[in-house]
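This report concerns only the one structure given below.
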Protein chains: 2
Amino acid sequence: MLSPTIFSGSLPGLTDFVPSLSLATTPEADYGSFVLTGVLMTLVVIYAMSKLGGELSKRVGLPPVLGELVGGVLVGVSALHLIVFPETGATAADSSLMLFLQQLGGLDGTALEHIFASQSEVISVLAELGVIVLLFEIGLESDLRELSKVGSQAAVVAIVGVVAPFLLGTVGLVTLFHTPIIPAIFAGAALTATSIGITSKVLSDLGQLKSTEGKIIVGAAVIDDVLGIIVLAVVASLAKTGEVDLLNVVYLIIGASAFLLGSILLGKFFNQGFEAIAAKLKTRGALLIPAFAFALVMAIIANLIHLEAILGAFAAGLVLDETDLRKELDRQVMPIADFLVPIFFVTVGAKADLGVLNPFESANRAGLVIAAFLIIVAIIGKVITGWAVFGQPGVNRLAIGFGMIPRGEVGLVFAGIGSASGVLDKPLEAAIIVMVILTTFLAPPLLQAVLNKPQDPDVPADREALEKSLSV
Amino acid sequence: MLSPTIFSGSLPGLTDFVPSLSLATTPEADYGSFVLTGVLMTLVVIYAMSKLGGELSKRVGLPPVLGELVGGVLVGVSALHLIVFPETGATAADSSLMLFLQQLGGLDGTALEHIFASQSEVISVLAELGVIVLLFEIGLESDLRELSKVGSQAAVVAIVGVVAPFLLGTVGLVTLFHTPIIPAIFAGAALTATSIGITSKVLSDLGQLKSTEGKIIVGAAVIDDVLGIIVLAVVASLAKTGEVDLLNVVYLIIGASAFLLGSILLGKFFNQGFEAIAAKLKTRGALLIPAFAFALVMAIIANLIHLEAILGAFAAGLVLDETDLRKELDRQVMPIADFLVPIFFVTVGAKADLGVLNPFESANRAGLVIAAFLIIVAIIGKVITGWAVFGQPGVNRLAIGFGMIPRGEVGLVFAGIGSASGVLDKPLEAAIIVMVILTTFLAPPLLQAVLNKPQDPDVPADREALEKSLSV
């Protein structure tokens, strides 16, 4: 096992004589510096690909997050092998970056495996911190007041948009493809997500944020975010027991709801405590550190009661959303999200083995057929939500349906958790990722086609700031 | 070795059935979630102690960074054992946090050791990223133009303030305490630092930033920062070879200077490239990510040519300092520093075993005598710099000397690197940390005593912002 050192990392050669002088008892103690170098190199690759992919994606009018994902695919297990992970079966010898480090440092194979494992562990935890910060930020940006204004319309759209694709997807996979129940439920759950970031960005670009359709879509996307996380907690917990335990499902729905609602109801109390603490602090990070520590504590609590850590971070963000200090906090969380979130998206892309979708390999054709099925369900299951809207004559129902289509980051979180837990086999995981990518690609042109007359180009400043901050 | 997973971390119980379903080949694969929980809990402890210590420190008129360090001591190996590291000889059984995790998860001893090692590795790399960001920020805030204005006065003060304590300390340790040459040089080098953050904060509190003394002190502290990093690179590289190789010293001084000066001279080129890239990017993090990636690349290059990673980050900050985008970049780097830097200071405190300074143990008395000697040298070596100032009749020479006394974060970096590399034995390391703490404690009251008349209470806004940003 590695004996980690805080400082030796910056001194590669220094470690040559460490064993004879220090308290280090294992020969592995001198790998620490190479772990840091490996982590720094991996981060540089991640940032380069996230910017390259994100910018190219934006240039062609698509959400930047897609480009980050594709950038990850390019440097990952599917292509360049610069960023690979032990969990996908890779060893240090499969990592171009590790082989480069080996040449630089003259390391033997055992040393390299240790460095590879430690470096992967660090990048994995950084990616997890990335999702935690992302969900904290989404929570901060999800506004309970906006949500209550759009009210029942948005709620109906959200619920139909969760139930319809979930049922269509799960039942379809079980009956048509004979998929076992748990992976089918997982895939169905992945179909329920709606990306609030992508959706609101597209609406803003079309000047439709303040239209009836726009408000319903944004409201529904916010509710869908909450529902999606509950669904995720439910299916993940289902997966833990290995079978469909109805009592457990009910317990988990109650648990997830109680946690989220409890957080919101106790929000005023938390807010007052948070504001009192932040007001009293006089050192740097007076606002950020209490908020961030609160998010981490909520993540730990969520984890301990068998929910997702990210659900805790989201609840923390939703609660702090109500404080007067929100805007300043938002401003400070943004750079941290910019710094950590790309690690998450690029590594998700890096771990997606798109090789299974090569149609020239006969073994892959099942995966491709599943992908086609999931894409059809993903579109139909969301488009019908427009017809669930009541009491709004003349509303553009197709636009609402199209607005709910992009799955974005939440869909990817499902795919990632399913993959890491071993619930999803490779063809199904890849099919979900292809579904997420294609629905996210399809939504902007579809929405543009049905909302071709820009109604309200003068978006108010604070809405624009929100929209800008959401355009990950 | 752990087989890290990106997502399973948020799903503790999920891992129970992973081995039977996934590609995971080792039983350790299911520790990932506990590693994340351990990291999150450690971060919460770090943030709590950094705020508690920092705030209390500030309330009694001392630099917050001191409180963070003392907070680290409280939760570290000297006291509560919440945060301990394998490099100090600790096992999982020595960590209160790991024992708590063991009770929660029902883990066996082997599992716990794996989790402890991985969690420590992640926290160590986060702390290293913390120093990298800190030095990047110090580089961003070190202004070459300010430096050239105070000119030769500041340079003389800085050089005397590096040479005098280094020679006094090293020669004194070798002759009086028979310390071997390499640890003596390391301790001497630790005496050369001046904390620009603490120094400028104290001056600002006294309304002396714009006085002649204030400008000379700040200018000298900036130059001292650069010299100190070169000295650090030199002694660290000396330590690598295990002996004093004069040719190597010259080579390293040239190398360090060439790297830093080369970075500055090529700065215009880098600036233009950076500005061009930042201007072209349209996605989130358009400014931050290129700057951060540049800092990481410079850190990697510095590492590869056998300098410090932090020297590269500092050079990157100094170069980007000259861009028009500096203020915005500064604003965005600040939350990341607030988030990462406390991890560095608290873990430094956590690893300092102050038990060796217990005077009731006879074995410790040598360490205490060394500490007393280092503190005397630390004060005398800096106080005499005031008399090196020329052509400034009536200047308060004692004030300039006192202003150079606080060692702060740079001194701690020396202690940490020396400790991690095994160059410093425990009494000498603890003596350096006590020296750093006491010089930092002493400087504010001493400066206040000799500069008792507040000359200029109306600090200009941008100076105040700088000062605020420096008050770590």
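Residue numbering restarts at 1 in every chain; chains get A, B, ... in the order shown in the structure tokens, and ligands count up from 1 in that same order.
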DSSP says alpha helix (DSSP H) for which residues of segment 90-337 of chain B? Put them as a PyMOL selection string? chain B and resi 96-105+109-141+144-177+181-190+196-205+212-241+246-265+267-280+288-304+309-321+326-337
Contacts of Gly67 of chain B at 6 Å (only C-alpha atoms; same-chain gap of 2+ positions) as a short mmCIF file (atom, residue, chain, number, x, y, z; two decimals) with C-alpha atoms, in the first residue's frame:
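The new file result.cif reads:
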```cif
data_model
loop_
_atom_site.label_atom_id
_atom_site.label_comp_id
_atom_site.auth_asym_id
_atom_site.auth_seq_id
_atom_site.Cartn_x
_atom_site.Cartn_y
_atom_site.Cartn_z
CA GLY B 53 -8.84 28.43 14.54
CA GLY B 54 -8.69 31.18 11.92
CA SER B 57 -6.83 33.89 15.84
CA PRO B 64 -5.83 33.60 10.70
CA VAL B 65 -3.30 31.18 9.19
CA LEU B 69 -2.27 25.56 11.97
CA VAL B 70 -3.15 25.32 15.66
CA GLY B 71 -6.54 23.87 14.68
#
```
Can you pull out the residues contacting Val133 of chain B? Cut-off 10 Å, using only C-alpha atoms, and skip same-chain residues under 2 positions away; I want them as a PyMOL selection string. chain B and resi 127-131+135-139+292+295-296+310+313-314+317+333-334+336-341
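Shortest separation to chain A among B:Glu275, B:Asp108, B:Glu121, B:Asp425 occurs at residue B:Glu121, atoms counted being only C-alpha atoms.
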10 Å contact set for Leu412 of chain B, only C-alpha atoms, chain neighbours under 2 positions out, as a list in words: Leu69, Ala190, Ala193, Phe344, Phe345, Val348, Gly349, Arg407, Gly408, Glu409, Val410, Phe414, Ala415, Gly416, Ile417, Gly418, Glu429, Ile432, Ile433, Met435, Val436 and Ile437 of chain B
Contacts of segment 386-390 of chain B at 9 Å or less, counting only C-alpha atoms, minus same-chain residues fewer than 3 places along, as a ChimeraX atom specification? /B:153-154,156-157,160,382-383,393,395-402
Using only C-alpha atoms, pick whichever of B:Gly105, B:Gly255, B:Gly38, B:Gly285 has the shortest atom-to-atom distance to chain A. B:Gly285
